[in-house]
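Visitor: Please see the structure below; I have some questions.
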Amino acid sequence: MSNKTKNETINPETIKGIYETLMSHSAVQEALSFLKDEDDNTLRDQIELTEIPAPTFQETERGKYFEGRLHNLGLENVHTDEAGNVFGTLPGTGNGPILVVSAHLDTVFPAGTDIKVKKEDGKIYAPGIADDGRGLAVVLTLAKVFKEHDIKLEGDIIFTATVGEEGLGDLYGVKQIFNSRNDIDGFISVEPGSPSRLIYLATGSKRYSITYKGPGGHSYGNFGVPSALHALGRAIGNISEMETPEDPKTTFNVGTAAGGTSVNTIAAEANMVIDMRSTDPEELNLLEQKVLNIVKEAATSENKRWNSDGITVDIKKVGDRPAGAQPDSSAIVQASYTAAKSLGLKPELGAPVSTDSNVPISLGIPAVTLGGGGTFSGAHTLNECFDPTNAFFGPQQIFLTVLGLAGVAKITEPLLEKRDK
């Protein structure tokens, strides 16, 4: 795939002029009013989607429901790909860019989790109600507003629901999308949160499962046999002493560690899972190599301590989310920023996070992660909560961002440029 892009600085006056034109257009104002009036229906969709189980790698049932909704909205080329991603296209005039508007199907909660929605004091409680039940509902509402209003775009919009965004899903859904096509010019990921917060930087991560193995034995009778657990301890101790830069922020964490059989058994096996993160791909690669060297050296040191070759180490990569950055002066960032201002919001450029947008950003393709509106708490816990107060601002802000980027036929030119394929 080509990494060439025109994600360049754009004249602020150009952005300002386009949004003044859009906001003065009656069809746009009518659509904004529709999105506000549609707020209750968006919330109903959010609840219905949340109550369909969709653990990572088990999103089929929710995906089928979402595909049916896209069919009912009259989109073209509605289908599910081999990974499980769901698509529906709103065609433009053919003279503009291709923009993906996406949310993810999966949740962090395992099969069997009670995901029945509960309501209390105007708030909605359920695992996954915000992340990403809100995003999925907003994508459907955005598709609906174009069905209900005569706004013809220059560019094509591909409304999408991805699989494998969470945890060890490792963004495999969005990776499949960009591995299989090279015609996407821009990408919007819809996640829970305020429409004032704009995410345009991607925190990359690499994750490894490290397993030490040895002969094991009785703690007294076989004393002198190298221990898999001791090797693991050596590795963790040396990893904890590493220094990483504060800017770009680069981090490491041994999240789990386990091994051994009993207090009087020399451990035959021990395992840890480590997470490394940075917004800078080079720093992330450097950190990865340091950690892997430490991991291998720990096995060597444990064997040397006991004059043995009994300890081996198995290194398995279990996560690889690419890092990336783009200028805050780029068209996609400034369009989303100005769209928020046009609604009277106070936009903020948020700190880097890890979302589906990581993949396009790492490839040099303009991408942002935008909030679906409302507020939330307890994400990734059984007490996840969504407050729908003024949640309509989320769909409104994303709608305006889409108009600016894709261009409205006979009204505004697209701010998002076609990539060099």
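In the structure tokens, chains take the letters A, B, ... in the order shown, each chain's residues start at 1, and ligands count up from 1 in the order shown.
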To test your reading of the structure, identify every residue in segment 136-213 of chain A that backbone DSSP assigns to strand (DSSP E or B), and report it as a PDB file with N, CA and C atoms, in the first residue's frame.
Guide:
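Saved the output as result.pdb:
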```
ATOM      1  N   LEU A 153     -23.141  14.670  -1.323  1.00  0.00           N
ATOM      2  CA  LEU A 153     -21.729  14.905  -1.071  1.00  0.00           C
ATOM      3  C   LEU A 153     -20.899  14.696  -2.329  1.00  0.00           C
ATOM      4  N   ASP A 156     -17.408   9.894  -1.392  1.00  0.00           N
ATOM      5  CA  ASP A 156     -18.133   8.717  -0.912  1.00  0.00           C
ATOM      6  C   ASP A 156     -17.887   8.550   0.590  1.00  0.00           C
ATOM      7  N   ILE A 157     -18.930   8.163   1.323  1.00  0.00           N
ATOM      8  CA  ILE A 157     -18.789   7.842   2.742  1.00  0.00           C
ATOM      9  C   ILE A 157     -19.040   6.352   2.914  1.00  0.00           C
ATOM     10  N   ILE A 158     -18.096   5.664   3.544  1.00  0.00           N
ATOM     11  CA  ILE A 158     -18.272   4.243   3.845  1.00  0.00           C
ATOM     12  C   ILE A 158     -18.524   4.116   5.347  1.00  0.00           C
ATOM     13  N   PHE A 159     -19.774   3.854   5.698  1.00  0.00           N
ATOM     14  CA  PHE A 159     -20.128   3.648   7.101  1.00  0.00           C
ATOM     15  C   PHE A 159     -19.725   2.222   7.483  1.00  0.00           C
ATOM     16  N   THR A 160     -18.999   2.101   8.584  1.00  0.00           N
ATOM     17  CA  THR A 160     -18.314   0.848   8.890  1.00  0.00           C
ATOM     18  C   THR A 160     -18.434   0.489  10.363  1.00  0.00           C
ATOM     19  N   ALA A 161     -18.495  -0.812  10.633  1.00  0.00           N
ATOM     20  CA  ALA A 161     -18.364  -1.339  11.993  1.00  0.00           C
ATOM     21  C   ALA A 161     -17.242  -2.378  11.964  1.00  0.00           C
ATOM     22  N   THR A 162     -16.222  -2.176  12.773  1.00  0.00           N
ATOM     23  CA  THR A 162     -15.050  -3.048  12.736  1.00  0.00           C
ATOM     24  C   THR A 162     -15.075  -4.084  13.858  1.00  0.00           C
ATOM     25  N   GLY A 186      -9.463   9.114   3.920  1.00  0.00           N
ATOM     26  CA  GLY A 186      -9.575   9.623   5.282  1.00  0.00           C
ATOM     27  C   GLY A 186     -10.392   8.680   6.132  1.00  0.00           C
ATOM     28  N   PHE A 187     -10.242   8.816   7.454  1.00  0.00           N
ATOM     29  CA  PHE A 187     -10.858   7.857   8.376  1.00  0.00           C
ATOM     30  C   PHE A 187     -11.285   8.579   9.653  1.00  0.00           C
ATOM     31  N   ILE A 188     -12.530   8.330  10.076  1.00  0.00           N
ATOM     32  CA  ILE A 188     -13.034   8.845  11.352  1.00  0.00           C
ATOM     33  C   ILE A 188     -13.462   7.661  12.201  1.00  0.00           C
ATOM     34  N   SER A 189     -12.883   7.549  13.391  1.00  0.00           N
ATOM     35  CA  SER A 189     -13.296   6.530  14.347  1.00  0.00           C
ATOM     36  C   SER A 189     -14.169   7.191  15.407  1.00  0.00           C
ATOM     37  N   VAL A 190     -15.331   6.612  15.649  1.00  0.00           N
ATOM     38  CA  VAL A 190     -16.264   7.180  16.625  1.00  0.00           C
ATOM     39  C   VAL A 190     -16.176   6.362  17.916  1.00  0.00           C
ATOM     40  N   GLU A 191     -15.760   7.015  18.985  1.00  0.00           N
ATOM     41  CA  GLU A 191     -15.630   6.385  20.296  1.00  0.00           C
ATOM     42  C   GLU A 191     -16.475   7.181  21.293  1.00  0.00           C
ATOM     43  N   GLY A 193     -17.428   9.668  24.330  1.00  0.00           N
ATOM     44  CA  GLY A 193     -16.766  10.850  24.861  1.00  0.00           C
ATOM     45  C   GLY A 193     -17.286  12.143  24.282  1.00  0.00           C
ATOM     46  N   ARG A 197     -13.454  16.817  22.399  1.00  0.00           N
ATOM     47  CA  ARG A 197     -12.127  16.196  22.445  1.00  0.00           C
ATOM     48  C   ARG A 197     -11.802  15.554  21.107  1.00  0.00           C
ATOM     49  N   LEU A 198     -10.724  16.015  20.493  1.00  0.00           N
ATOM     50  CA  LEU A 198     -10.319  15.529  19.171  1.00  0.00           C
ATOM     51  C   LEU A 198      -9.000  14.777  19.303  1.00  0.00           C
ATOM     52  N   ILE A 199      -8.985  13.510  18.910  1.00  0.00           N
ATOM     53  CA  ILE A 199      -7.780  12.689  19.000  1.00  0.00           C
ATOM     54  C   ILE A 199      -7.178  12.560  17.609  1.00  0.00           C
ATOM     55  N   ALA A 202      -1.574   8.845  17.579  1.00  0.00           N
ATOM     56  CA  ALA A 202      -1.807   7.428  17.841  1.00  0.00           C
ATOM     57  C   ALA A 202      -0.715   6.845  18.729  1.00  0.00           C
ATOM     58  N   GLY A 204       1.158   3.849  19.867  1.00  0.00           N
ATOM     59  CA  GLY A 204       1.402   2.482  19.435  1.00  0.00           C
ATOM     60  C   GLY A 204       1.733   1.595  20.619  1.00  0.00           C
ATOM     61  N   SER A 205       1.531   0.308  20.467  1.00  0.00           N
ATOM     62  CA  SER A 205       1.891  -0.625  21.532  1.00  0.00           C
ATOM     63  C   SER A 205       2.390  -1.928  20.944  1.00  0.00           C
ATOM     64  N   LYS A 206       3.291  -2.542  21.665  1.00  0.00           N
ATOM     65  CA  LYS A 206       3.743  -3.897  21.359  1.00  0.00           C
ATOM     66  C   LYS A 206       3.589  -4.715  22.629  1.00  0.00           C
ATOM     67  N   ARG A 207       3.051  -5.918  22.484  1.00  0.00           N
ATOM     68  CA  ARG A 207       2.779  -6.766  23.631  1.00  0.00           C
ATOM     69  C   ARG A 207       3.360  -8.160  23.398  1.00  0.00           C
ATOM     70  N   TYR A 208       3.975  -8.683  24.428  1.00  0.00           N
ATOM     71  CA  TYR A 208       4.595 -10.001  24.326  1.00  0.00           C
ATOM     72  C   TYR A 208       4.188 -10.880  25.497  1.00  0.00           C
ATOM     73  N   SER A 209       3.973 -12.139  25.197  1.00  0.00           N
ATOM     74  CA  SER A 209       3.840 -13.174  26.215  1.00  0.00           C
ATOM     75  C   SER A 209       5.173 -13.917  26.267  1.00  0.00           C
ATOM     76  N   ILE A 210       5.820 -13.878  27.421  1.00  0.00           N
ATOM     77  CA  ILE A 210       7.145 -14.462  27.600  1.00  0.00           C
ATOM     78  C   ILE A 210       7.037 -15.664  28.527  1.00  0.00           C
ATOM     79  N   THR A 211       7.483 -16.823  28.076  1.00  0.00           N
ATOM     80  CA  THR A 211       7.402 -18.034  28.886  1.00  0.00           C
ATOM     81  C   THR A 211       8.780 -18.672  29.034  1.00  0.00           C
ATOM     82  N   TYR A 212       9.203 -18.811  30.281  1.00  0.00           N
ATOM     83  CA  TYR A 212      10.447 -19.520  30.590  1.00  0.00           C
ATOM     84  C   TYR A 212      10.099 -20.960  30.961  1.00  0.00           C
ATOM     85  N   LYS A 213      10.921 -21.896  30.475  1.00  0.00           N
ATOM     86  CA  LYS A 213      10.706 -23.308  30.777  1.00  0.00           C
ATOM     87  C   LYS A 213      12.016 -23.944  31.234  1.00  0.00           C
TER      88      LYS A 213
END
```
Visitor: Tell me which protein, DNA and RNA residues are within 12 Å of Ala323 of chain A, counting only C-alpha atoms, leaving out same-chain ones fewer than 3 positions away, and put them as a ChimeraX atom specification.
Guide: /A:200-206,248-250,276-285,320,326,352-364
Visitor: Leaving out segment 393-406 of chain A and any residue of its chain fewer than 6 positions from it, which residues lie within 6 Å of it when counting only C-alpha atoms, given as a ChimeraX atom specification?
Guide: /A:32,138,154-155,195,335-336,339-340,372-373,414-416
Visitor: Within 7 Å of segment 217-225 of chain A, which residues of segment 238-276 of chain A show up? Give each one with its shortest atom-to-atom distance in Å (one decimal) and the two atoms involved, counting only C-alpha atoms, rows by chain then rising residue number, as a Markdown table.
Guide:
```
| residue | atom | partner | partner_atom | distance |
| --- | --- | --- | --- | --- |
| A:Asn264 | CA | A:Ser219 | CA | 4.9 |
| A:Thr265 | CA | A:His218 | CA | 4.9 |
| A:Ile266 | CA | A:Gly217 | CA | 5.1 |
```
Visitor: Taking the backbone alone, and naming residues the way the document does, which bits of segment 9-159 of chain A are helix (DSSP H, G or I) by DSSP, as a PyMOL selection string?
Guide: chain A and resi 12-23+26-37+39-50+60-72+133-148
Visitor: Could you write out that same residue set with C-alpha atoms as a compact mmCIF listing (two decimals), in the first residue's frame?
Guide:
```txt
# COMPACT_ATOMS: atom_id res chain seq x y z
CA PRO A 12 -7.24 28.49 8.30
CA GLU A 13 -9.20 31.04 6.28
CA THR A 14 -10.16 28.32 3.81
CA ILE A 15 -11.53 26.19 6.63
CA LYS A 16 -13.34 29.13 8.17
CA GLY A 17 -14.94 30.10 4.88
CA ILE A 18 -16.16 26.59 4.15
CA TYR A 19 -17.81 26.24 7.55
CA GLU A 20 -19.41 29.66 7.36
CA THR A 21 -20.91 28.58 4.04
CA LEU A 22 -22.09 25.25 5.44
CA MET A 23 -23.64 26.76 8.56
CA SER A 26 -30.73 25.77 5.14
CA ALA A 27 -30.36 22.04 4.38
CA VAL A 28 -27.44 21.81 6.82
CA GLN A 29 -29.40 23.59 9.56
CA GLU A 30 -32.35 21.28 8.98
CA ALA A 31 -30.07 18.27 9.26
CA LEU A 32 -28.58 19.58 12.50
CA SER A 33 -32.09 20.02 13.92
CA PHE A 34 -32.94 16.48 12.81
CA LEU A 35 -29.91 15.11 14.67
CA LYS A 36 -31.03 16.86 17.83
CA ASP A 37 -34.58 15.55 17.46
CA ASP A 39 -31.39 11.98 20.09
CA ASP A 40 -33.84 9.58 21.75
CA ASN A 41 -33.77 7.21 18.77
CA THR A 42 -29.98 7.20 18.81
CA LEU A 43 -30.07 6.25 22.47
CA ARG A 44 -32.56 3.43 21.74
CA ASP A 45 -30.20 2.11 19.08
CA GLN A 46 -27.35 2.35 21.56
CA ILE A 47 -29.23 0.25 24.10
CA GLU A 48 -30.33 -2.33 21.53
CA LEU A 49 -26.81 -2.74 20.18
CA THR A 50 -25.31 -2.99 23.66
CA THR A 60 -20.94 -12.11 14.47
CA GLU A 61 -24.40 -11.64 16.01
CA ARG A 62 -23.98 -7.91 16.51
CA GLY A 63 -22.40 -7.59 13.07
CA LYS A 64 -25.41 -9.25 11.39
CA TYR A 65 -27.76 -6.87 13.17
CA PHE A 66 -25.68 -3.89 12.11
CA GLU A 67 -25.56 -5.09 8.51
CA GLY A 68 -29.36 -5.36 8.49
CA ARG A 69 -29.68 -1.79 9.73
CA LEU A 70 -27.39 -0.51 6.97
CA HIS A 71 -29.54 -2.34 4.39
CA ASN A 72 -32.67 -0.71 5.84
CA GLY A 133 -22.32 1.03 21.92
CA ARG A 134 -22.41 4.80 21.60
CA GLY A 135 -20.14 4.85 18.59
CA LEU A 136 -22.14 2.23 16.71
CA ALA A 137 -25.42 4.04 17.34
CA VAL A 138 -23.96 7.33 16.14
CA VAL A 139 -22.74 5.73 12.90
CA LEU A 140 -26.29 4.54 12.20
CA THR A 141 -27.70 7.99 12.99
CA LEU A 142 -25.22 9.64 10.64
CA ALA A 143 -26.25 7.28 7.84
CA LYS A 144 -29.89 8.07 8.60
CA VAL A 145 -29.49 11.84 8.39
CA PHE A 146 -28.34 11.54 4.79
CA LYS A 147 -31.28 9.29 4.00
CA GLU A 148 -33.72 11.82 5.45
```
Visitor: By how many Å are atom CA of Glu82 of chain A and atom CA of Pro322 of chain A apart?
Guide: 22.1 Å
